[in-house]
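These notes concern the structure reproduced below.
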Amino acid sequence: MSAVQPSYVTRALTEAEPPPAARAGGAVAIGSRLLNRPFNAALTAVSAVLVVLVLWPAARFLFVDAIWDGASRVDCLPETVGHAVGACWPFIKAKFPQLMYGFYPESERWRVNVTYAVGVILLVPLLIPRVPYKGMNAILFLGVFPILAFCLLVGNVFGLPHVETRSWGGLLITLVISFTGIILSLPLGILLALGRRSGLPFIRTLSILFIELWRGVPLITVLFFATYMLPFFLPEEWRIDPLLRVLIGVVLFAGAYMAEVVRGGLQAIPRGQFEAAMALGLGYWRMMALVVLPQALRVVIPGIVNSFIALFKDTSLVLIVAIFDLLGQLRAAFADPTWATPATLFTGFAFAGAIYFLISFGMSRYALFMERRLSSGQAR
Amino acid sequence: MRDSNRKSASSESASNLVPEQSAIEIVGLHKWFGRFHVLRGVDLEVMRGERIVICGPSGSGKSTLLRCINRLEDWQRGRVIVDGIELAADLKKIDEVRRDVGMVFQQFNLFPHLKVLENCTLAPIWVRKMPKQQAEELARRQLKRVRIPEQADKYPGQLSGGQQQRVAIARALCMEPKIMLFDEPTSALDPEMVKEVLDTMVALAHDGMTMVVVSHEMGFARQVANRMILMDAGQIIESNEPEAFFNHPQHERTKLFLAQILR
């Protein structure tokens, strides 16, 4: 026997109320989740032990047992010091100029420092969203700065003595190759991605061939070919600087990868966006620049930054063509008998690792910041 | 095969029409999607100031026909002439036509990365080369016309469906088009919001805009249409003034369709 529901009319409308007060603070919330069940408590305990097992020896090696002053390997040996030694920081101090500048003449190193300083001064305002004059800033950083850097670093103009690229090394080389690769691979990748999606068969085929060719060979092969094989194909008078050959190879290689990342982003944009732009009379390039690419690039920021970080670290491959980037200089430094100790290798790699990590992590965090900022504006 | 009912429409509502000027001329239009014959010899002439409402079952080709008018779709046979300019493969001509033909989509298609005002000023600034100040004034005027001036600094994602569609109408109007095309503008809206958009379209009609509307909103059609057209299976089945169309349908398909939607 089913009861008939009486009909209902509300008498008063319920006003909105504030939500109940949040439970007591973060620590309690985390703690309650970490320890609420035996399984979770056991996991927490195991994780804590693992963290301590890894972090403590690392901290001991890097800081507690480390040697901070010294003039040669003798100062970093356990016999001299009296206890087990950790990192040998005097080694880094001694090798620091080579690691930073390679064999750039000491008297000219101010040029490298000026280049770095100008680069930072132009880059930082560009990265902070609130700073105005972004257009001018971008032109300065992407157009004027490279030319300035080239003049300063290579010399031969304005009375500056010429410094052969063969002398460049260390972090200088790493940054030059990464910077050039990053700045140039993105526009190249965008053009290739657009070309691959083009309606014109000729452009499309060319783009596909280019992308597949450069993605199909390892970067080492590209560097090798560019440095050692290319001179055989070019006439004598066309000798291109070895570093320039590497730069071109890196840009073409990275551009091909970037093309596919950007293409993924383009595919994610609904057809309606293209149609609305076309219906308004925006031509192809305006549609891409104003409507499609801003959305597409936003969507694939993780992929783009991934490619940038990978490129930054791949620069270490130039060792294969006898160009000494940060890691290359480090390996050369290891060969110095003045500093041969058991701790030298670890110290060196810890230092280089820290630099790579700082820069990569910096890029990664910045990308996250930009992503959050760009999507909050759309209130998605 | 000309649209024979045009004469009666124009004599009835001559006061609404600008002196005889053909806005859109479609002659013998055939289109295939692969093997599927979607448009089968469509002939249509729309005069300046006329309001045409096209209805029909889904798959009849009405949206496709509409999208041919600004060449969002291409065709294999036939001619489309808009405002005296024949649409063919010439990209310049196509862009010229698109500047003067505004389109409103079922899914709004607003640009989510731009504010409402920027959505509206984008085309005037970059296509008509209008200075930014002037474009913004124009945009605010059009937003006021569709009655949402206060939303200018919001992002599309922050607006309701009805408001978004009205922004889409304002965006199209900012190019000061001669013809407005509407592709089922209220089909994606909640019922409460349909009225606000239809009211906007009625106001537009009263301002003398040439409109071609694909819609199932029969009330709207009765209010402002000069002609109702039924399309089915890629061809125009019947075309008549709204009153005659609804009260005295002649073709079997028309009678069937009306019976289905006017329960």
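Identifiers in the structure tokens: chain A, B, ... in order shown; residue index from 1 per chain; ligand index from 1 in order shown.
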
Each residue of chain B with at least one atom at most 6 Å from chain A should appear once, together with its nearest atom pair and the corresponding distance in Å (one decimal); atoms considered: only C-alpha atoms; ordering: chain, then increasing residue number; output as a tab-separated table.
```
residue	atom	partner	partner_atom	distance
B:Asp95	CA	A:Gly281	CA	5.1
B:Arg98	CA	A:Gly281	CA	4.8
B:Arg99	CA	A:Gly281	CA	4.8
B:Asn109	CA	A:Gly272	CA	5.6
B:Tyr155	CA	A:Gln378	CA	5.8
```

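Taking atom CA of Gly362 of chain A as the reference point, atom CA of Val299 of chain A is found at 20.0 Å.
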
>> I want to know what sits within 7 Å of segment 191-201 of chain B, based on only C-alpha atoms, with residues of the same chain fewer than 3 positions away left out; could you give that as a PyMOL selection string?
In response: chain B and resi 146+162+166+186+204-205+220

Residues near Phe349 of chain A, cut-off 12 Å, only C-alpha atoms, skip fewer than 4 positions along chain, as a compact mmCIF listing (two decimals) with N, CA and C atoms, in the first residue's frame:
```txt
# COMPACT_ATOMS: atom_id res chain seq x y z
N LEU A 62 78.03 16.84 1.76
CA LEU A 62 78.10 18.17 1.16
C LEU A 62 78.51 19.26 2.14
N ALA A 87 82.79 16.54 0.55
CA ALA A 87 83.06 17.26 -0.69
C ALA A 87 84.32 18.09 -0.58
N CYS A 88 85.00 18.22 -1.71
CA CYS A 88 86.24 18.98 -1.73
C CYS A 88 85.97 20.31 -2.43
N TRP A 89 85.46 21.26 -1.70
CA TRP A 89 85.04 22.51 -2.34
C TRP A 89 86.20 23.36 -2.87
N PHE A 91 88.42 22.44 -4.72
CA PHE A 91 88.54 22.02 -6.12
C PHE A 91 87.64 22.88 -6.99
N ILE A 92 86.39 23.07 -6.57
CA ILE A 92 85.46 23.89 -7.34
C ILE A 92 85.94 25.33 -7.38
N LEU A 99 85.08 26.56 -15.28
CA LEU A 99 83.71 26.04 -15.35
C LEU A 99 82.73 27.11 -15.84
N LEU A 326 79.58 23.04 -19.72
CA LEU A 326 79.80 22.92 -18.27
C LEU A 326 80.32 21.53 -17.90
N LEU A 327 79.63 20.50 -18.37
CA LEU A 327 80.05 19.13 -18.03
C LEU A 327 81.37 18.78 -18.70
N GLY A 328 81.56 19.29 -19.91
CA GLY A 328 82.80 19.04 -20.62
C GLY A 328 83.99 19.61 -19.86
N GLN A 329 83.84 20.85 -19.41
CA GLN A 329 84.89 21.49 -18.62
C GLN A 329 85.12 20.73 -17.33
N LEU A 330 84.03 20.25 -16.77
CA LEU A 330 84.15 19.51 -15.52
C LEU A 330 85.00 18.25 -15.72
N ARG A 331 84.74 17.55 -16.80
CA ARG A 331 85.50 16.32 -17.06
C ARG A 331 86.97 16.64 -17.33
N ALA A 333 88.46 19.12 -15.97
CA ALA A 333 89.00 19.46 -14.65
C ALA A 333 89.35 18.20 -13.85
N PHE A 334 88.55 17.15 -14.04
CA PHE A 334 88.82 15.91 -13.30
C PHE A 334 90.19 15.36 -13.66
N ALA A 343 87.13 12.22 -3.47
CA ALA A 343 85.90 13.02 -3.41
C ALA A 343 85.72 13.94 -4.60
N THR A 344 86.77 14.08 -5.43
CA THR A 344 86.71 15.09 -6.51
C THR A 344 85.54 14.88 -7.45
N LEU A 345 85.39 13.64 -7.92
CA LEU A 345 84.32 13.35 -8.86
C LEU A 345 82.95 13.72 -8.30
N GLY A 353 75.43 19.32 -11.02
CA GLY A 353 74.05 18.90 -10.85
C GLY A 353 73.21 20.00 -10.23
N ALA A 354 73.78 20.68 -9.24
CA ALA A 354 73.05 21.75 -8.59
C ALA A 354 72.72 22.87 -9.56
N ILE A 355 73.70 23.22 -10.41
CA ILE A 355 73.45 24.28 -11.38
C ILE A 355 72.35 23.88 -12.36
N TYR A 356 72.47 22.67 -12.91
CA TYR A 356 71.43 22.20 -13.85
C TYR A 356 70.08 22.18 -13.17
N PHE A 357 70.06 21.69 -11.93
CA PHE A 357 68.78 21.58 -11.23
C PHE A 357 68.16 22.95 -11.00
```

>> So that I can see what lies close to segment 241-248 of chain B, please list as a PyMOL selection string the residues with an atom at most 8 Å from it, counting only C-alpha atoms and leaving out residues fewer than 4 positions away in the same chain.
In response: chain B and resi 9+221-222+225-228+258
